[in-house]
Structures are given as structure tokens and as C-alpha cells.
Amino acid sequence: MKIMHCCLANFYIDNYGYQENILPKMHKMQGHDVTILASTETYVDNQKLGYVKPSSYHTESGIPIARIPYRKFLPHSVMKKLRIYSGVEDSLYSFKPDIIFIHGCQFISIVEIVEYVKKNPKTIIYVDGHTDFINSARNWVSRNILHGLIYKWCAKKIEPYTEKFYGVLPARVEFFKSVYGISEDKLELLVMGLDDSVVDFNKKERIRSTIRKKLNINKEDFVIITGGKIDKRKNIHVLMQAVNELKLSNVKLIIFGAPNDDIKSEFEKQLNDKYIKYVGWIKAEKTNDYIMASDLGMFPGTHSVLWEQSIGLGLPCVFRKWEGIQHVDLGGNCIFIKNGNVDEIKEVIMSIYSDSELYSEMLRVSTEMGIPKFSYHQIAKKAIGE
């Protein structure tokens, strides 16, 4: 099958572990002819969103990608919200996809896909959604104008031609329904997960030993891990303070990623090599090694793809509780915290660290249920109805 992944509703970041990176890679590995059509929006210096020049090249996995420009009849500040592009129609007719997988439907140029499908009715459309009330629609204009009118119009335009609308969290399934008015019979949950093509579980103990030795962490130490996009809403600086205040010599915290400017000073103030091992920004597949070297994942703020990645690696976790994000609970693999403040984080760390039976049960459930459920190999098949 010829599959076009359209990443025009948001950024596309090369060599990251986001869903729009992994699904095309998996589809290629599964024997499909794959291409990516993307915006020019990306991360600059792995820290903040910015824009690059339009270009065509290949991803690390050898997948052709075309970054196409916004049209210029309105200012860039307007176009980056409306998302009207040059080159969508040409790309469609050049590749002639059997399946178009649309990563987010919030772009006005989706009408060009609609016109293409009208003329090529055998083309199968899937749409996913990464939008919820935590990361979007957080003020009146965004909720009622941008999403309630403009992006809803985009969603309803493509709905008649779409096989499935996938929310990647339960909260995002609900967003499709309540904000865009998508029919329930077309809605489904498609979880994010772990790129298991780069993981050898048979080497876990060797990897664990190597990473710990590299970071000067003892075999018997209890290791917590967190990371990713480090901003205020991720609450990583609060976790750092909690670990520092516990002052337990055999409890260590590994952090990877790069702090945003708004959190940098607080982050650096909490750095303490005695309890905290900061490894900086690392490539997506390398994060797996550090997660496998750890005993507990701790994510006291907003959702990250690292939640599902950690579960897919069989790691017990602590998550901040958010409405519509309870799909990560497999019946004992994780614990939710309500507020994410220092005292609450200290309390939950101690409850797990001091109760070997609790931790053993969390580890059992994580290993038996998390690894198979959050495999991107299986998720990629489901995404295109296989």
C-alpha cells in the first residue's frame, strides 16, 4: 500500500520519538511505500518552536519527506494558524496514495485532500488527534473561534471521507466529539506507544548495568527517571526539589531533555549531582536505555509521549492525574498524584520505595501488560485497519 502521512496541522520534528515519526517508520518496515508531507514548523535547537525553509529530503528511516511552505496572501502570523499551504495538490497527485493518514485535521488546506478523494474515491482516509482541553482551546478565542469555528469546519469537511478519527488519548477522543462534532461511530482510541523496533529486551540487564556504571549509580540504588520537554507545566523542577529534600543516598533521579528558558534558572538551582543525574538532550532511541536502567518513571505534570513509552518498556510509573488520560492505568502498573507539589511527590516516592510488595506488583503488571499493549508494531497495524 502507498501511505502518505500528512503532518500539516502542527510541527514535524526530525528524529524525535513522536507518533508522527514512529508510525511512518513502522509502516515502511511493514512493507508499505511511505511518504511524509509536513509543515516547515519544527523545534529549533531542541528547545523552542520555529520554522525552516521548505525542502525535500529523507528521514533517518529513509522515508521521503517534503516540507511545504505556507501561502503568502496573508501575513505569516495568520497563515501559521489557518495553515494554508502551497503544494498539497501537487504532492497528492505525484504520489497517488492508497491511504492518507492525517496527523491532525486543523488546517484549511485539508480541502485539497477532500477534492483529491472526491476524484479518487478508493483512497482511504484516517485522521488522528492530539488536541485536548489541557494543551488547546484554553481561552475564549481559541475555544470558540479557532477550534469552535475554523478547525471544526476543517474536521467536518473531511469527516464524510474518513474511515476513522483516532484520538491518541481518551481526552482527545472526547475533544473530537464535543468540539468538532465528529460522529461517535467514527471515533476510536489509538494509543501512542514504544518504538519496539529499536529495543532488545534480552539485553535489558546489560544496558541497565552499562548506564548505571556510566552515571556512577550503584546496582542496588533505587532510580527514578523523568525528562522530555522541560517546561513549567511538566513540574520536573518540583520533582527535583522533592528528591533533594528526601536526602536518601540510594535514591537517584535521572533527567534527560533541555529546559525551556522559562524554567532554566529554577532547573539549574535544583541540580545536585549527589541525587540528580542530568544527561541533557539525547536522541529518542537512547532514552530507552536510560528508562531500562531505572526503577520508576515519574511524570508529575502534563502528558508526554514518554508516559506511553515508559509503559511500553515495562516501567512502573507515577503520573499526574488528568481527566481523560487514565488509559495508562493497566490495573496496578502506576499510581496517580493529584497536585504534583513537593510534599505529595515525596510521599508517593516513599510509599513505593519503602514497600517492596507494592513495587513488585507494579513491576509485574507493567511487564505483563504494558509491553504488549503499547507496542508501536501493533499500533501501526491498527492505525490502517490491519
# chains A, B, ... in the order shown; residues from 1 in each chain; ligands from 1
>>> select_by_dssp(residues="range 156-315 of chain A", states="strand (DSSP E or B)", output="PyMOL selection string")
chain A and resi 162-167+187-189+194+222-230+251-259+276-278+296-299
>>> write_last_selection(atoms="C-alpha atoms", output="PDB file, in the first residue's frame")
ATOM      1  CA  THR A 162     -12.787   9.445   6.771  1.00  0.00           C
ATOM      2  CA  GLU A 163     -12.736   5.815   7.878  1.00  0.00           C
ATOM      3  CA  LYS A 164     -11.723   6.562  11.487  1.00  0.00           C
ATOM      4  CA  PHE A 165     -10.914   9.530  13.682  1.00  0.00           C
ATOM      5  CA  TYR A 166      -8.360   8.394  16.253  1.00  0.00           C
ATOM      6  CA  GLY A 167      -7.864  10.247  19.500  1.00  0.00           C
ATOM      7  CA  LEU A 187     -14.283   7.686  16.811  1.00  0.00           C
ATOM      8  CA  GLU A 188     -11.723   5.347  18.345  1.00  0.00           C
ATOM      9  CA  LEU A 189      -8.770   5.410  20.734  1.00  0.00           C
ATOM     10  CA  LEU A 194       7.007   2.449  22.262  1.00  0.00           C
ATOM     11  CA  PHE A 222      16.506   2.991  43.502  1.00  0.00           C
ATOM     12  CA  VAL A 223      16.450   5.066  40.311  1.00  0.00           C
ATOM     13  CA  ILE A 224      13.681   7.424  39.247  1.00  0.00           C
ATOM     14  CA  ILE A 225      13.610   8.820  35.712  1.00  0.00           C
ATOM     15  CA  THR A 226      11.884  11.765  34.056  1.00  0.00           C
ATOM     16  CA  GLY A 227      12.536  14.062  31.120  1.00  0.00           C
ATOM     17  CA  GLY A 228      11.466  15.230  27.696  1.00  0.00           C
ATOM     18  CA  LYS A 229      10.268  18.755  27.067  1.00  0.00           C
ATOM     19  CA  ILE A 230      11.187  20.512  30.316  1.00  0.00           C
ATOM     20  CA  VAL A 251      17.523   7.207  45.647  1.00  0.00           C
ATOM     21  CA  LYS A 252      18.707   8.830  42.411  1.00  0.00           C
ATOM     22  CA  LEU A 253      16.887  10.869  39.775  1.00  0.00           C
ATOM     23  CA  ILE A 254      17.885  10.722  36.094  1.00  0.00           C
ATOM     24  CA  ILE A 255      16.715  13.643  33.946  1.00  0.00           C
ATOM     25  CA  PHE A 256      17.069  13.987  30.183  1.00  0.00           C
ATOM     26  CA  GLY A 257      15.980  16.812  27.913  1.00  0.00           C
ATOM     27  CA  ALA A 258      16.623  20.540  27.660  1.00  0.00           C
ATOM     28  CA  PRO A 259      14.917  23.081  29.946  1.00  0.00           C
ATOM     29  CA  ILE A 276      20.319  14.035  40.419  1.00  0.00           C
ATOM     30  CA  LYS A 277      21.976  12.815  37.219  1.00  0.00           C
ATOM     31  CA  TYR A 278      21.250  15.231  34.390  1.00  0.00           C
ATOM     32  CA  LEU A 296      10.362   4.141  38.401  1.00  0.00           C
ATOM     33  CA  GLY A 297       9.150   6.696  35.891  1.00  0.00           C
ATOM     34  CA  MET A 298       7.895   9.932  37.428  1.00  0.00           C
ATOM     35  CA  PHE A 299       5.832  12.440  35.444  1.00  0.00           C
TER      36      PHE A 299
END
>>> residues_around(residues="range 69-77 of chain A", least_positions_apart="6", cutoff="12 Å", atoms="only C-alpha atoms", output="MDAnalysis selection string")
chainID A and resid 8:9 37:41 51:56 83:88 107:109
>>> closest_residue(among="A:Pro97, A:Val318, A:Glu266, A:Glu60", to="Ser351 in chain A", atoms="only C-alpha atoms")
A:Val318
>>> atom_distance(atom1="CA of His27 in chain A", atom2="CA of Ile379 in chain A")
10.3 Å
>>> closest_residue(among="A:Asp98, A:Asp195, A:Asp329, A:Glu112", to="Ser375 in chain A", atoms="only C-alpha atoms")
A:Asp195
>>> atom_distance(atom1="CA of Ser310 in chain A", atom2="CA of Ile291 in chain A")
6.8 Å
>>> select_by_dssp(residues="range 132-195 of chain A", states="helix (DSSP H, G or I)", output="PyMOL selection string")
chain A and resi 140-161+170-178+184-186
>>> atom_distance(atom1="CA of Leu215 in chain A", atom2="CA of Met240 in chain A")
17.0 Å
>>> residues_around(residues="range 144-152 of chain A", least_positions_apart="2", cutoff="7 Å", atoms="only C-alpha atoms", output="MDAnalysis selection string")
chainID A and resid 106:107 137 140:142 154:156 179:180
>>> residues_around(residues="Phe319 in chain A", least_positions_apart="4", cutoff="8 Å", atoms="only C-alpha atoms", output="list in words")
Met298, Phe299, Pro300, Gly301, Trp307, Cys334, Ile335, Phe336 and Ile337 of chain A
>>> write_last_selection(atoms="N, CA and C atoms", output="compact mmCIF listing (two decimals), in the first residue's frame")
# COMPACT_ATOMS: atom_id res chain seq x y z
N MET A 298 8.65 8.94 36.66
CA MET A 298 7.90 9.93 37.43
C MET A 298 7.58 11.13 36.55
N PHE A 299 6.28 11.37 36.34
CA PHE A 299 5.83 12.44 35.44
C PHE A 299 4.75 13.25 36.15
N PRO A 300 5.17 14.26 36.95
CA PRO A 300 4.24 14.98 37.82
C PRO A 300 3.52 16.16 37.17
N GLY A 301 3.60 16.26 35.83
CA GLY A 301 2.97 17.39 35.15
C GLY A 301 2.11 16.96 33.99
N TRP A 307 5.13 8.97 28.67
CA TRP A 307 4.24 8.15 29.51
C TRP A 307 4.06 6.77 28.87
N CYS A 334 0.71 1.68 37.76
CA CYS A 334 1.03 3.08 38.02
C CYS A 334 0.24 3.62 39.20
N ILE A 335 0.69 4.76 39.70
CA ILE A 335 0.00 5.49 40.75
C ILE A 335 -0.20 6.92 40.26
N PHE A 336 -1.38 7.48 40.53
CA PHE A 336 -1.67 8.86 40.13
C PHE A 336 -1.52 9.79 41.33
N ILE A 337 -0.97 10.98 41.08
CA ILE A 337 -0.94 12.04 42.08
C ILE A 337 -1.86 13.16 41.63
>>> residues_around(residues="Ile36 in chain A", least_positions_apart="5", cutoff="8 Å", atoms="only C-alpha atoms", output="list in words")
Met4, His5, Cys6, Cys7, Pro24, Ile63, Pro64, Ile65 and Ala66 of chain A
>>> closest_residue(among="A:Arg172, A:Asp261, A:Ala284, A:Ser197", to="Ile13 in chain A", atoms="only C-alpha atoms")
A:Ala284
>>> closest_residue(among="A:Asn260, A:Ser209, A:Asn333, A:Asn135", to="Leu313 in chain A", atoms="only C-alpha atoms")
A:Asn333
>>> closest_residue(among="A:Ile311, A:Asp231, A:His103, A:Asn216", to="Lys274 in chain A", atoms="only C-alpha atoms")
A:Asn216
>>> closest_residue(among="A:Gly193, A:Glu205, A:Glu115, A:Tyr16", to="Ile282 in chain A", atoms="only C-alpha atoms")
A:Tyr16
>>> decode(residues="range 50-102 of chain A", atoms="C-alpha atoms", output="tab-separated table (two decimals), in the first residue's frame")
chain	number	residue	atom	x	y	z
A	50	GLY	CA	10.42	27.80	14.88
A	51	TYR	CA	10.41	27.48	11.12
A	52	VAL	CA	12.77	26.11	8.49
A	53	LYS	CA	12.89	26.61	4.74
A	54	PRO	CA	10.77	24.37	2.50
A	55	SER	CA	12.76	21.34	1.38
A	56	SER	CA	12.65	17.70	0.32
A	57	TYR	CA	14.90	15.05	1.84
A	58	HIS	CA	14.76	11.63	3.54
A	59	THR	CA	14.22	10.84	7.22
A	60	GLU	CA	16.62	8.69	9.23
A	61	SER	CA	14.45	5.73	8.24
A	62	GLY	CA	14.84	6.54	4.54
A	63	ILE	CA	11.32	7.91	4.10
A	64	PRO	CA	10.89	10.78	1.60
A	65	ILE	CA	9.62	13.94	3.27
A	66	ALA	CA	8.53	17.21	1.71
A	67	ARG	CA	8.24	20.31	3.88
A	68	ILE	CA	5.92	22.67	2.06
A	69	PRO	CA	5.50	26.43	2.61
A	70	TYR	CA	2.52	28.44	3.75
A	71	ARG	CA	0.87	30.52	1.06
A	72	LYS	CA	1.68	34.22	1.23
A	73	PHE	CA	-1.52	36.15	0.54
A	74	LEU	CA	-1.86	36.80	4.31
A	75	PRO	CA	0.82	37.54	6.96
A	76	HIS	CA	2.78	34.57	8.31
A	77	SER	CA	1.29	35.10	11.79
A	78	VAL	CA	-2.17	34.44	10.32
A	79	MET	CA	-1.13	31.67	7.96
A	80	LYS	CA	0.51	29.61	10.70
A	81	LYS	CA	-2.90	29.46	12.42
A	82	LEU	CA	-5.04	28.94	9.32
A	83	ARG	CA	-2.42	26.62	7.79
A	84	ILE	CA	-2.98	27.19	4.09
A	85	TYR	CA	-0.15	25.61	2.11
A	86	SER	CA	1.34	25.61	-1.36
A	87	GLY	CA	1.99	22.19	-2.83
A	88	VAL	CA	-0.63	19.90	-1.27
A	89	GLU	CA	-2.41	19.07	-4.53
A	90	ASP	CA	0.84	18.50	-6.42
A	91	SER	CA	2.12	16.16	-3.70
A	92	LEU	CA	-1.09	14.12	-3.74
A	93	TYR	CA	-1.17	13.62	-7.50
A	94	SER	CA	2.55	12.92	-7.63
A	95	PHE	CA	2.43	10.14	-5.01
A	96	LYS	CA	-1.14	8.85	-5.60
A	97	PRO	CA	-1.63	7.34	-2.13
A	98	ASP	CA	-3.90	4.41	-1.32
A	99	ILE	CA	-4.09	5.65	2.29
A	100	ILE	CA	-3.77	9.19	3.62
A	101	PHE	CA	-3.07	9.28	7.35
A	102	ILE	CA	-3.74	12.83	8.54
